[in-house]
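What's in start-v6.cif: mmCIF, C-alpha atoms and all ligand atoms
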```
data_coords
#
loop_
_atom_site.group_PDB
_atom_site.id
_atom_site.type_symbol
_atom_site.label_atom_id
_atom_site.label_comp_id
_atom_site.auth_asym_id
_atom_site.auth_seq_id
_atom_site.Cartn_x
_atom_site.Cartn_y
_atom_site.Cartn_z
ATOM 1 C CA MET A 287 17.618 15.846 16.525
ATOM 2 C CA SER A 288 14.200 14.787 17.905
ATOM 3 C CA PRO A 289 14.219 11.980 20.509
ATOM 4 C CA THR A 290 13.914 8.477 19.089
ATOM 5 C CA ARG A 291 11.213 6.011 20.089
ATOM 6 C CA ARG A 292 12.436 3.699 22.863
ATOM 7 C CA GLY A 293 12.400 -0.109 22.807
ATOM 8 C CA PRO A 294 12.762 -2.595 19.956
ATOM 9 C CA PRO A 295 12.087 -1.246 16.449
ATOM 10 C CA ARG A 296 8.502 -1.287 15.196
ATOM 11 C CA HIS A 297 8.066 -2.547 11.645
ATOM 12 C CA PHE A 298 5.310 -2.148 9.048
ATOM 13 C CA LEU A 299 5.503 -5.403 7.102
ATOM 14 C CA GLN A 300 1.756 -6.043 6.913
ATOM 15 C CA PHE A 301 -1.200 -3.731 7.371
ATOM 16 C CA LYS A 302 -2.145 -5.370 10.661
ATOM 17 C CA ASP A 303 1.258 -4.537 12.186
ATOM 18 C CA LEU A 304 -0.396 -1.319 13.388
ATOM 19 C CA SER A 305 -3.439 -1.413 15.660
ATOM 20 C CA ARG A 306 -6.643 0.445 14.862
ATOM 21 C CA SER A 307 -5.758 3.268 17.261
ATOM 22 C CA GLU A 308 -2.231 3.554 15.850
ATOM 23 C CA LEU A 309 -3.696 3.786 12.346
ATOM 24 C CA GLU A 310 -6.067 6.512 13.518
ATOM 25 C CA HIS A 311 -3.063 8.417 14.881
ATOM 26 C CA VAL A 312 -1.190 7.985 11.574
ATOM 27 C CA PHE A 313 -4.213 9.283 9.625
ATOM 28 C CA ALA A 314 -4.536 12.293 11.944
ATOM 29 C CA ARG A 315 -0.824 13.062 11.528
ATOM 30 C CA THR A 316 -1.171 12.633 7.754
ATOM 31 C CA ARG A 317 -3.828 15.371 7.691
ATOM 32 C CA MET A 318 -1.540 17.651 9.691
ATOM 33 C CA LEU A 319 1.576 16.952 7.606
ATOM 34 C CA LYS A 320 -0.332 17.374 4.339
ATOM 35 C CA THR A 321 -1.676 20.758 5.433
ATOM 36 C CA ARG A 322 1.786 21.893 6.553
ATOM 37 C CA GLN A 323 3.331 20.890 3.262
ATOM 38 C CA ARG A 324 0.548 22.614 1.282
ATOM 39 C CA ASP A 325 1.084 25.788 3.358
ATOM 40 C CA GLY A 326 4.843 25.697 2.790
ATOM 41 C CA VAL A 327 5.577 25.249 6.512
ATOM 42 C CA LEU A 328 8.967 23.588 7.143
ATOM 43 C CA TYR A 329 8.725 20.632 9.540
ATOM 44 C CA GLN A 330 12.000 18.729 9.850
ATOM 45 C CA PRO A 331 11.975 16.428 12.900
ATOM 46 C CA LEU A 332 14.162 13.861 11.090
ATOM 47 C CA LYS A 333 17.152 16.118 10.382
ATOM 48 C CA GLY A 334 20.331 14.053 10.332
ATOM 49 C CA ARG A 335 18.472 10.755 9.805
ATOM 50 C CA THR A 336 18.826 8.434 6.838
ATOM 51 C CA LEU A 337 16.355 6.196 5.019
ATOM 52 C CA ALA A 338 17.646 3.285 2.906
ATOM 53 C CA MET A 339 15.295 2.186 0.106
ATOM 54 C CA LEU A 340 16.000 -1.237 -1.341
ATOM 55 C CA PHE A 341 14.206 -2.046 -4.597
ATOM 56 C CA GLU A 342 14.162 -5.510 -6.152
ATOM 57 C CA LYS A 343 11.255 -4.466 -8.416
ATOM 58 C CA GLN A 344 10.513 -1.312 -10.377
ATOM 59 C CA SER A 345 8.740 1.719 -8.923
ATOM 60 C CA THR A 346 7.706 5.276 -9.667
ATOM 61 C CA ARG A 347 5.343 6.333 -6.844
ATOM 62 C CA THR A 348 6.862 4.387 -3.959
ATOM 63 C CA ARG A 349 10.364 5.627 -4.609
ATOM 64 C CA VAL A 350 9.420 9.266 -5.111
ATOM 65 C CA ALA A 351 6.941 9.304 -2.217
ATOM 66 C CA PHE A 352 9.508 7.880 0.227
ATOM 67 C CA GLU A 353 12.449 9.940 -1.005
ATOM 68 C CA ALA A 354 10.594 13.254 -1.285
ATOM 69 C CA GLY A 355 8.710 12.610 1.969
ATOM 70 C CA PHE A 356 11.810 11.763 4.001
ATOM 71 C CA THR A 357 13.647 14.768 2.561
ATOM 72 C CA GLN A 358 10.746 17.029 3.537
ATOM 73 C CA LEU A 359 11.014 15.692 7.092
ATOM 74 C CA GLY A 360 14.645 16.845 7.113
ATOM 75 C CA GLY A 361 16.398 13.523 6.396
ATOM 76 C CA SER A 362 18.151 11.993 3.393
ATOM 77 C CA ALA A 363 17.329 8.872 1.414
ATOM 78 C CA ILE A 364 19.586 6.330 -0.303
ATOM 79 C CA TYR A 365 18.300 4.363 -3.304
ATOM 80 C CA LEU A 366 19.599 0.771 -3.599
ATOM 81 C CA ASN A 367 18.667 -1.977 -6.037
ATOM 82 C CA THR A 368 19.514 -5.625 -6.499
ATOM 83 C CA LYS A 369 21.692 -5.110 -9.551
ATOM 84 C CA ASP A 370 24.067 -2.594 -7.972
ATOM 85 C CA THR A 371 24.393 -4.167 -4.519
ATOM 86 C CA GLN A 372 25.889 -7.443 -3.327
ATOM 87 C CA LEU A 373 22.331 -8.790 -2.977
ATOM 88 C CA GLY A 374 22.480 -9.395 -6.718
ATOM 89 C CA ARG A 375 25.539 -11.606 -6.116
ATOM 90 C CA GLY A 376 23.834 -13.674 -3.438
ATOM 91 C CA GLU A 377 24.719 -11.911 -0.167
ATOM 92 C CA PRO A 378 22.324 -13.289 2.488
ATOM 93 C CA ILE A 379 19.482 -10.910 3.338
ATOM 94 C CA GLU A 380 20.275 -11.367 7.062
ATOM 95 C CA ASP A 381 23.804 -9.996 6.556
ATOM 96 C CA VAL A 382 22.499 -7.125 4.436
ATOM 97 C CA ALA A 383 20.052 -6.256 7.234
ATOM 98 C CA ARG A 384 22.737 -6.362 9.936
ATOM 99 C CA VAL A 385 24.981 -4.062 7.918
ATOM 100 C CA ILE A 386 22.500 -1.519 6.556
ATOM 101 C CA SER A 387 20.609 -1.158 9.824
ATOM 102 C CA ARG A 388 23.825 -0.188 11.665
ATOM 103 C CA MET A 389 24.184 2.788 9.347
ATOM 104 C CA VAL A 390 20.696 4.131 8.706
ATOM 105 C CA ASP A 391 17.620 4.943 10.806
ATOM 106 C CA VAL A 392 14.848 3.285 8.781
ATOM 107 C CA VAL A 393 14.667 0.887 5.819
ATOM 108 C CA MET A 394 12.059 0.438 3.089
ATOM 109 C CA ILE A 395 12.112 -2.720 0.975
ATOM 110 C CA ARG A 396 10.261 -3.671 -2.221
ATOM 111 C CA THR A 397 10.840 -7.316 -3.084
ATOM 112 C CA PHE A 398 9.283 -10.668 -4.058
ATOM 113 C CA GLU A 399 8.543 -13.068 -1.182
ATOM 114 C CA GLN A 400 7.076 -11.666 2.033
ATOM 115 C CA THR A 401 9.557 -13.858 3.934
ATOM 116 C CA LEU A 402 12.399 -11.675 2.611
ATOM 117 C CA VAL A 403 11.102 -8.551 4.398
ATOM 118 C CA GLU A 404 10.405 -10.648 7.475
ATOM 119 C CA ARG A 405 13.949 -12.060 7.488
ATOM 120 C CA PHE A 406 15.362 -8.581 6.986
ATOM 121 C CA ALA A 407 13.262 -7.175 9.839
ATOM 122 C CA ALA A 408 14.230 -10.021 12.175
ATOM 123 C CA ASN A 409 17.868 -8.934 11.786
ATOM 124 C CA SER A 410 17.375 -5.178 11.696
ATOM 125 C CA PHE A 411 18.170 -2.704 14.469
ATOM 126 C CA VAL A 412 15.835 -0.128 12.899
ATOM 127 C CA PRO A 413 12.222 -0.044 11.604
ATOM 128 C CA VAL A 414 11.569 -1.835 8.310
ATOM 129 C CA ILE A 415 8.713 -0.878 5.978
ATOM 130 C CA ASN A 416 7.231 -3.123 3.303
ATOM 131 C CA GLY A 417 7.179 -1.120 0.068
ATOM 132 C CA LEU A 418 5.410 -4.033 -1.741
ATOM 133 C CA THR A 419 5.925 -7.763 -1.814
ATOM 134 C CA ASP A 420 4.169 -10.492 -3.785
ATOM 135 C CA GLU A 421 1.846 -10.851 -0.791
ATOM 136 C CA TYR A 422 1.140 -7.348 0.526
ATOM 137 C CA HIS A 423 1.269 -3.632 -0.324
ATOM 138 C CA PRO A 424 0.454 -2.024 3.035
ATOM 139 C CA CYS A 425 1.695 1.506 2.250
ATOM 140 C CA GLN A 426 -0.691 1.696 -0.710
ATOM 141 C CA ILE A 427 -3.721 0.732 1.371
ATOM 142 C CA LEU A 428 -2.711 3.326 3.972
ATOM 143 C CA ALA A 429 -2.935 5.965 1.225
ATOM 144 C CA ASP A 430 -6.143 4.526 -0.239
ATOM 145 C CA ILE A 431 -7.974 4.528 3.081
ATOM 146 C CA PHE A 432 -6.738 8.022 3.901
ATOM 147 C CA THR A 433 -8.006 9.189 0.495
ATOM 148 C CA PHE A 434 -11.381 7.553 1.102
ATOM 149 C CA ILE A 435 -11.693 9.220 4.521
ATOM 150 C CA GLU A 436 -10.746 12.610 3.053
ATOM 151 C CA HIS A 437 -13.575 12.355 0.515
ATOM 152 C CA ARG A 438 -16.250 10.372 2.304
ATOM 153 C CA GLY A 439 -15.517 10.387 6.048
ATOM 154 C CA PRO A 440 -14.989 7.345 8.304
ATOM 155 C CA ILE A 441 -14.546 4.026 6.482
ATOM 156 C CA ARG A 442 -16.001 1.851 9.290
ATOM 157 C CA GLY A 443 -19.174 0.103 8.042
ATOM 158 C CA ARG A 444 -18.719 1.280 4.432
ATOM 159 C CA THR A 445 -18.400 -1.076 1.439
ATOM 160 C CA ILE A 446 -15.368 -1.415 -0.833
ATOM 161 C CA ALA A 447 -15.575 -3.491 -4.028
ATOM 162 C CA TRP A 448 -12.345 -5.040 -5.288
ATOM 163 C CA ILE A 449 -12.603 -6.312 -8.869
ATOM 164 C CA GLY A 450 -9.880 -8.419 -10.513
ATOM 165 C CA ASP A 451 -6.887 -10.333 -9.231
ATOM 166 C CA SER A 452 -6.591 -11.594 -5.653
ATOM 167 C CA ASN A 453 -3.098 -10.117 -5.503
ATOM 168 C CA ASN A 454 -0.956 -8.203 -2.976
ATOM 169 C CA MET A 455 -3.390 -5.259 -3.029
ATOM 170 C CA CYS A 456 -6.417 -7.491 -2.488
ATOM 171 C CA ASN A 457 -4.712 -9.341 0.393
ATOM 172 C CA THR A 458 -3.951 -6.032 2.066
ATOM 173 C CA TRP A 459 -7.516 -4.716 1.619
ATOM 174 C CA LEU A 460 -8.638 -7.933 3.298
ATOM 175 C CA GLN A 461 -6.482 -7.277 6.376
ATOM 176 C CA ALA A 462 -7.613 -3.666 6.491
ATOM 177 C CA ALA A 463 -11.306 -4.595 6.263
ATOM 178 C CA ASN A 464 -11.014 -6.951 9.222
ATOM 179 C CA LEU A 465 -9.017 -4.447 11.272
ATOM 180 C CA LEU A 466 -11.023 -1.305 10.503
ATOM 181 C CA GLU A 467 -14.402 -3.075 10.172
ATOM 182 C CA PHE A 468 -15.608 -2.260 6.691
ATOM 183 C CA HIS A 469 -17.204 -4.563 4.123
ATOM 184 C CA LEU A 470 -14.971 -5.867 1.352
ATOM 185 C CA HIS A 471 -16.597 -7.397 -1.735
ATOM 186 C CA VAL A 472 -14.060 -9.266 -3.869
ATOM 187 C CA ALA A 473 -14.907 -10.360 -7.424
ATOM 188 C CA THR A 474 -12.305 -12.582 -9.082
ATOM 189 C CA PRO A 475 -12.352 -14.870 -12.122
ATOM 190 C CA PRO A 476 -12.584 -18.618 -11.419
ATOM 191 C CA GLY A 477 -9.116 -19.906 -10.621
ATOM 192 C CA TYR A 478 -7.920 -16.532 -9.280
ATOM 193 C CA GLU A 479 -9.901 -16.426 -6.027
ATOM 194 C CA ILE A 480 -8.543 -15.456 -2.599
ATOM 195 C CA GLU A 481 -6.741 -18.530 -1.215
ATOM 196 C CA ALA A 482 -9.058 -20.568 1.024
ATOM 197 C CA THR A 483 -6.393 -20.623 3.765
ATOM 198 C CA ARG A 484 -5.851 -16.850 3.886
ATOM 199 C CA GLU A 485 -6.332 -15.544 7.413
ATOM 200 C CA GLY A 486 -9.528 -13.510 7.809
ATOM 201 C CA ALA A 487 -10.980 -14.509 4.426
ATOM 202 C CA ASP A 488 -14.013 -16.083 6.120
ATOM 203 C CA SER A 489 -14.810 -13.170 8.400
ATOM 204 C CA PRO A 490 -18.233 -11.514 8.171
ATOM 205 C CA TRP A 491 -16.551 -8.405 6.657
ATOM 206 C CA ILE A 492 -15.469 -10.283 3.514
ATOM 207 C CA LYS A 493 -17.781 -11.444 0.714
ATOM 208 C CA ARG A 494 -16.511 -13.278 -2.349
ATOM 209 C CA PHE A 495 -18.117 -13.092 -5.806
ATOM 210 C CA THR A 496 -17.520 -14.300 -9.320
ATOM 211 C CA ASP A 497 -19.820 -11.723 -10.928
ATOM 212 C CA PRO A 498 -18.416 -8.152 -10.703
ATOM 213 C CA GLN A 499 -21.929 -6.712 -11.191
ATOM 214 C CA GLU A 500 -23.076 -8.378 -7.981
ATOM 215 C CA ALA A 501 -19.936 -7.329 -6.104
ATOM 216 C CA VAL A 502 -20.385 -3.595 -6.730
ATOM 217 C CA VAL A 503 -23.966 -3.348 -5.417
ATOM 218 C CA GLY A 504 -23.938 -0.891 -2.513
ATOM 219 C CA ALA A 505 -20.202 -0.164 -2.865
ATOM 220 C CA ASP A 506 -18.909 3.256 -1.806
ATOM 221 C CA LEU A 507 -15.605 2.620 -3.564
ATOM 222 C CA LEU A 508 -14.803 0.599 -6.656
ATOM 223 C CA THR A 509 -11.158 -0.348 -7.017
ATOM 224 C CA THR A 510 -8.991 -2.567 -9.174
ATOM 225 C CA ASP A 511 -5.369 -3.167 -10.168
ATOM 226 C CA VAL A 512 -3.335 -4.575 -13.038
ATOM 227 C CA TRP A 513 -4.229 -8.094 -14.140
ATOM 228 C CA THR A 514 -0.566 -9.115 -14.139
ATOM 229 C CA SER A 515 1.536 -8.086 -11.155
ATOM 230 C CA MET A 516 5.303 -7.673 -11.249
ATOM 231 C CA GLY A 517 7.016 -11.047 -11.403
ATOM 232 C CA ARG A 518 4.109 -12.793 -13.197
ATOM 233 C CA GLU A 519 4.771 -11.424 -16.684
ATOM 234 C CA ALA A 520 4.913 -14.920 -18.208
ATOM 235 C CA GLU A 521 1.186 -15.319 -17.405
ATOM 236 C CA SER A 522 0.027 -12.065 -18.965
ATOM 237 C CA ALA A 523 -1.437 -13.446 -22.228
ATOM 238 C CA GLU A 524 -3.584 -15.965 -20.352
ATOM 239 C CA ARG A 525 -4.574 -13.425 -17.748
ATOM 240 C CA ARG A 526 -5.690 -10.923 -20.412
ATOM 241 C CA GLU A 527 -8.155 -13.518 -21.638
ATOM 242 C CA ARG A 528 -9.406 -14.708 -18.232
ATOM 243 C CA PHE A 529 -9.792 -11.228 -16.756
ATOM 244 C CA ALA A 530 -11.506 -9.592 -19.760
ATOM 245 C CA PRO A 531 -14.997 -9.754 -18.125
ATOM 246 C CA TYR A 532 -13.522 -7.969 -15.074
ATOM 247 C CA ARG A 533 -12.612 -4.715 -16.844
ATOM 248 C CA VAL A 534 -14.116 -1.854 -14.828
ATOM 249 C CA GLY A 535 -15.853 1.086 -16.444
ATOM 250 C CA ASN A 536 -18.657 3.578 -15.990
ATOM 251 C CA ALA A 537 -21.336 0.918 -16.612
ATOM 252 C CA LEU A 538 -20.097 -1.049 -13.593
ATOM 253 C CA LEU A 539 -19.747 2.109 -11.499
ATOM 254 C CA SER A 540 -23.380 2.976 -12.235
ATOM 255 C CA LEU A 541 -24.430 -0.173 -10.323
ATOM 256 C CA ALA A 542 -22.561 0.921 -7.171
ATOM 257 C CA ALA A 543 -23.791 3.350 -4.511
ATOM 258 C CA PRO A 544 -24.513 6.895 -5.697
ATOM 259 C CA GLU A 545 -21.296 8.970 -5.498
ATOM 260 C CA ALA A 546 -19.089 5.851 -5.386
ATOM 261 C CA LEU A 547 -15.417 6.691 -5.917
ATOM 262 C CA PHE A 548 -12.900 4.930 -8.138
ATOM 263 C CA MET A 549 -9.309 4.123 -7.113
ATOM 264 C CA HIS A 550 -6.372 2.327 -8.723
ATOM 265 C CA CYS A 551 -2.910 2.137 -7.166
ATOM 266 C CA LEU A 552 -1.322 2.807 -10.587
ATOM 267 C CA PRO A 553 0.342 2.170 -12.962
ATOM 268 C CA ALA A 554 -2.896 1.540 -14.935
ATOM 269 C CA HIS A 555 -3.554 0.075 -18.351
ATOM 270 C CA ARG A 556 -6.425 1.978 -19.953
ATOM 271 C CA GLY A 557 -8.519 -0.370 -22.094
ATOM 272 C CA GLU A 558 -7.290 -3.388 -20.134
ATOM 273 C CA GLU A 559 -8.352 -3.523 -16.442
ATOM 274 C CA VAL A 560 -9.979 -0.057 -16.567
ATOM 275 C CA GLU A 561 -11.746 2.027 -19.183
ATOM 276 C CA ALA A 562 -10.263 5.472 -19.805
ATOM 277 C CA GLU A 563 -13.669 7.130 -19.260
ATOM 278 C CA LEU A 564 -13.698 5.899 -15.673
ATOM 279 C CA ILE A 565 -10.101 6.479 -14.610
ATOM 280 C CA ASP A 566 -10.015 9.904 -16.272
ATOM 281 C CA GLY A 567 -13.571 10.772 -15.204
ATOM 282 C CA PRO A 568 -15.019 12.779 -12.294
ATOM 283 C CA ARG A 569 -15.395 9.895 -9.801
ATOM 284 C CA SER A 570 -11.764 8.881 -10.103
ATOM 285 C CA VAL A 571 -9.400 10.043 -7.339
ATOM 286 C CA VAL A 572 -6.343 8.130 -8.553
ATOM 287 C CA PHE A 573 -3.939 11.066 -8.636
ATOM 288 C CA GLU A 574 -4.876 12.291 -5.158
ATOM 289 C CA GLU A 575 -4.494 8.670 -4.064
ATOM 290 C CA ALA A 576 -0.972 8.685 -5.549
ATOM 291 C CA GLU A 577 -0.086 12.010 -3.882
ATOM 292 C CA ASN A 578 -1.348 10.666 -0.566
ATOM 293 C CA ARG A 579 1.310 7.940 -0.710
ATOM 294 C CA MET A 580 3.775 10.638 0.267
ATOM 295 C CA HIS A 581 1.708 12.190 3.057
ATOM 296 C CA THR A 582 0.742 8.875 4.659
ATOM 297 C CA GLN A 583 4.304 7.501 4.446
ATOM 298 C CA LYS A 584 5.648 10.661 6.098
ATOM 299 C CA ALA A 585 3.227 10.102 8.977
ATOM 300 C CA LEU A 586 4.139 6.412 9.106
ATOM 301 C CA MET A 587 7.889 7.104 9.267
ATOM 302 C CA GLU A 588 7.382 9.828 11.860
ATOM 303 C CA TYR A 589 5.424 7.333 13.970
ATOM 304 C CA LEU A 590 7.885 4.447 13.585
ATOM 305 C CA LEU A 591 10.868 6.670 14.389
ATOM 306 C CA LEU A 592 9.533 9.117 16.942
ATOM 307 C CA GLY A 593 6.381 7.525 18.351
ATOM 308 C CA HIS A 594 3.293 9.613 19.196
ATOM 309 C CA VAL A 595 4.132 13.171 18.135
ATOM 310 C CA GLU A 596 1.458 15.772 18.765
ATOM 311 C CA ALA A 597 3.277 18.947 17.684
HETATM 312 N N1 LIG B 1 1.349 2.096 -6.670
HETATM 313 C C1 LIG B 1 2.676 1.883 -6.607
HETATM 314 O O1 LIG B 1 3.200 1.263 -5.680
HETATM 315 O O2 LIG B 1 3.362 2.444 -7.630
HETATM 316 P P1 LIG B 1 4.884 2.187 -7.997
HETATM 317 O O3 LIG B 1 5.015 0.765 -8.451
HETATM 318 O O4 LIG B 1 5.156 3.167 -9.112
HETATM 319 O O5 LIG B 1 5.746 2.458 -6.790
HETATM 320 N N1 LIG B 2 -0.221 -5.580 -7.927
HETATM 321 C C1 LIG B 2 0.755 -4.711 -8.556
HETATM 322 C C2 LIG B 2 0.872 -3.421 -7.819
HETATM 323 C C3 LIG B 2 1.823 -2.432 -8.441
HETATM 324 C C4 LIG B 2 1.965 -1.186 -7.651
HETATM 325 C C5 LIG B 2 2.101 -5.435 -8.610
HETATM 326 O O1 LIG B 2 2.478 -6.095 -7.640
HETATM 327 O O2 LIG B 2 2.768 -5.327 -9.645
#
```

Go ahead and express the file in the form of structure tokens.
Amino acid sequence: MSPTRRGPPRHFLQFKDLSRSELEHVFARTRMLKTRQRDGVLYQPLKGRTLAMLFEKQSTRTRVAFEAGFTQLGGSAIYLNTKDTQLGRGEPIEDVARVISRMVDVVMIRTFEQTLVERFAANSFVPVINGLTDEYHPCQILADIFTFIEHRGPIRGRTIAWIGDSNNMCNTWLQAANLLEFHLHVATPPGYEIEATREGADSPWIKRFTDPQEAVVGADLLTTDVWTSMGREAESAERRERFAPYRVGNALLSLAAPEALFMHCLPAHRGEEVEAELIDGPRSVVFEEAENRMHTQKALMEYLLLGHVEA
């Protein structure tokens, strides 16, 4: 078994939990791990280790990316959900953390409130990774930025346009923009803006708009997400109405920088937040973005468990 990182566990609960230089290391390792996997080279530094994945919301990409990725690194993954564990019967999250983290080497959690992952991490003996909360989706932005860099080179100083809801994805882009120093243009409908109190929202890297056509000017990447995130289903009829002017399509893309890319974390609703011609068109990199979830998360887990690996 490879030596474990020393000291207290490092967690990835928000994007800014890693420094800029740590993120650069993770992106460099991602490139290496992706190439190895493409070339069919076995690399199993996590043989004998176990990942527990705790889902309180649905998932396709996050589950498969973590499970396949950890298996490729030589370890095994356990899938847990609320319904089939004592969490569903009210066991305190602190007790769940103390128990699970005595048995496994790393934990991924997808849940509702951000405070739940924080409470888990505060009681965990092993690294905890946020696999999406109502507030953040840091693993997705790791993959999105890696995908951008693969196609367009360094992201520093570039412009990303976020159109739609100021949700967990938007909040995470905001942290990333401040940390990695790129411009983030956010266009939201009235009443759905970034909260005024959100840390970093007033930095010079962030510009807020109501008009999506203004927000995409000069953008190197146009990105959006569902209008109704998991847990807000009761609001979906109203949101469909309020967000209708924020549907993204080729007409909007044509106002962005030449060669601007399109991303969406998926799942997508064609004809709702995005037109099929855009998401299925040549500027869309959504499926590479999805694949990169696995490569970036492998690099992240390698880093959290083993520290700086160069091999
Ligand atoms: N993008 C994303 O997190 O997808 P899943 O909900 O399928 O995991
Ligand atoms: N904002 C979406 C992302 C899904 C991957 C949600 O939270 O449902």

Next on the checklist: Which residues are near region 450-464 of chain A? Cut-off 10 Å, only C-alpha atoms, ignore same chain within fewer than 6 positions. Put them as a ChimeraX atom specification.
Outcome noted: /A:300-302,306,418-428,430-431,441-444,470-475,477-481,484-487,489-492,496,498,509-515,525,528-534,550-551,559

Item to check | Residues in the PyMOL selection byres (((chain A and resi 549) around 10) and not hetatm), expressed as JSON, numbers by chain | outcome: {"A": [430, 433, 434, 448, 507, 508, 509, 510, 511, 547, 548, 550, 551, 552, 564, 565, 569, 570, 571, 572, 573, 574, 575, 576]}

Next on the checklist: Please compute the CA of Gly535 (chain A)-CA of Glu561 (chain A) distance, one decimal, in Å.
Outcome noted: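 That distance, rounded to one decimal, is 5.0 Å.
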
Item to check | Residues within 7 Å of Tyr365 (chain A), all atoms listed in the file, excluding chain neighbours under 6 positions, as a PyMOL selection string | outcome: chain A and resi 338-340

Item to check | CA of Met516 (chain A) to CA of Thr348 (chain A), straight-line distance in Å | outcome: 14.2 Å

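Restricting the calculation to only C-alpha atoms, the smallest distance between Phe398 (chain A) and any of A:Gln323, A:Asn416, A:Ser410, A:Thr445 is found for A:Asn416.
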
Listed atoms of ligand LIG 2 (chain B), axis-aligned box, 6 Å per side: centre and edge lengths to one decimal in Å, as lines of an AutoDock Vina configuration file?
```
center_x = 1.3
center_y = -3.6
center_z = -8.6
size_x = 15.0
size_y = 16.9
size_z = 14.0
```

Item to check | Interatomic distance (Å, one decimal) between CA of Ala597 (chain A) and CA of Tyr329 (chain A) | outcome: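 Calculated distance between CA of Ala597 (chain A) and CA of Tyr329 (chain A) is 9.9 Å.
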
Checklist outcome for this item: Using only C-alpha atoms and all ligand atoms, the best pick from A:Pro553, A:Pro476, A:Val312, A:Gly376 as closest to ligand LIG 1 (chain B) would be A:Pro553

Checklist entry - Which residues fall under the PyMOL selection byres (((chain A and resi 313) around 9) and not hetatm) in this file, as a list in words? => result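 That selection, the PyMOL selection byres (((chain A and resi 313) around 9) and not hetatm), comes back as Glu308, Leu309, Glu310, His311, Val312, Ala314, Arg315, Thr316, Arg317, Met318, Leu428, Ile431, Phe432, Thr582, Ala585 and Leu586 of chain A.
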
Checklist entry - Where does the PyMOL selection byres (((chain A and resi 330) around 7) and not hetatm) land in this file, that is, which residues does it pick, as number ranges by chain? => result A: 328-329, 331-333, 358-360

Checklist entry - Nearest to ligand LIG 1 (chain B) among A:Gly504, A:Gly417, A:Gly374, A:Pro568, with distances taken over only C-alpha atoms and all ligand atoms: which residue is it? => result A:Gly417

Checklist entry - Pick the closest to ligand LIG 1 (chain B) from A:Glu588, A:Asp303, A:Glu380, A:Glu353: which is it, counting only C-alpha atoms and all ligand atoms? => result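 The shortest atom-to-atom distance to ligand LIG 1 (chain B) comes from A:Glu353.
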
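Of the residues under consideration (A:Arg405, A:Asn367, A:Leu337, A:Ala429), A:Leu337 shows the shortest atom-to-atom contact distance to Ala354 (chain A) when counting all atoms listed in the file.
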
Checklist entry - For Glu563 (chain A), which of A:Ala543, A:Leu538, A:Val502, A:Val414 is the closest residue, counting only C-alpha atoms? => result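 Answer, going by the shortest atom-to-atom distance: A:Leu538.
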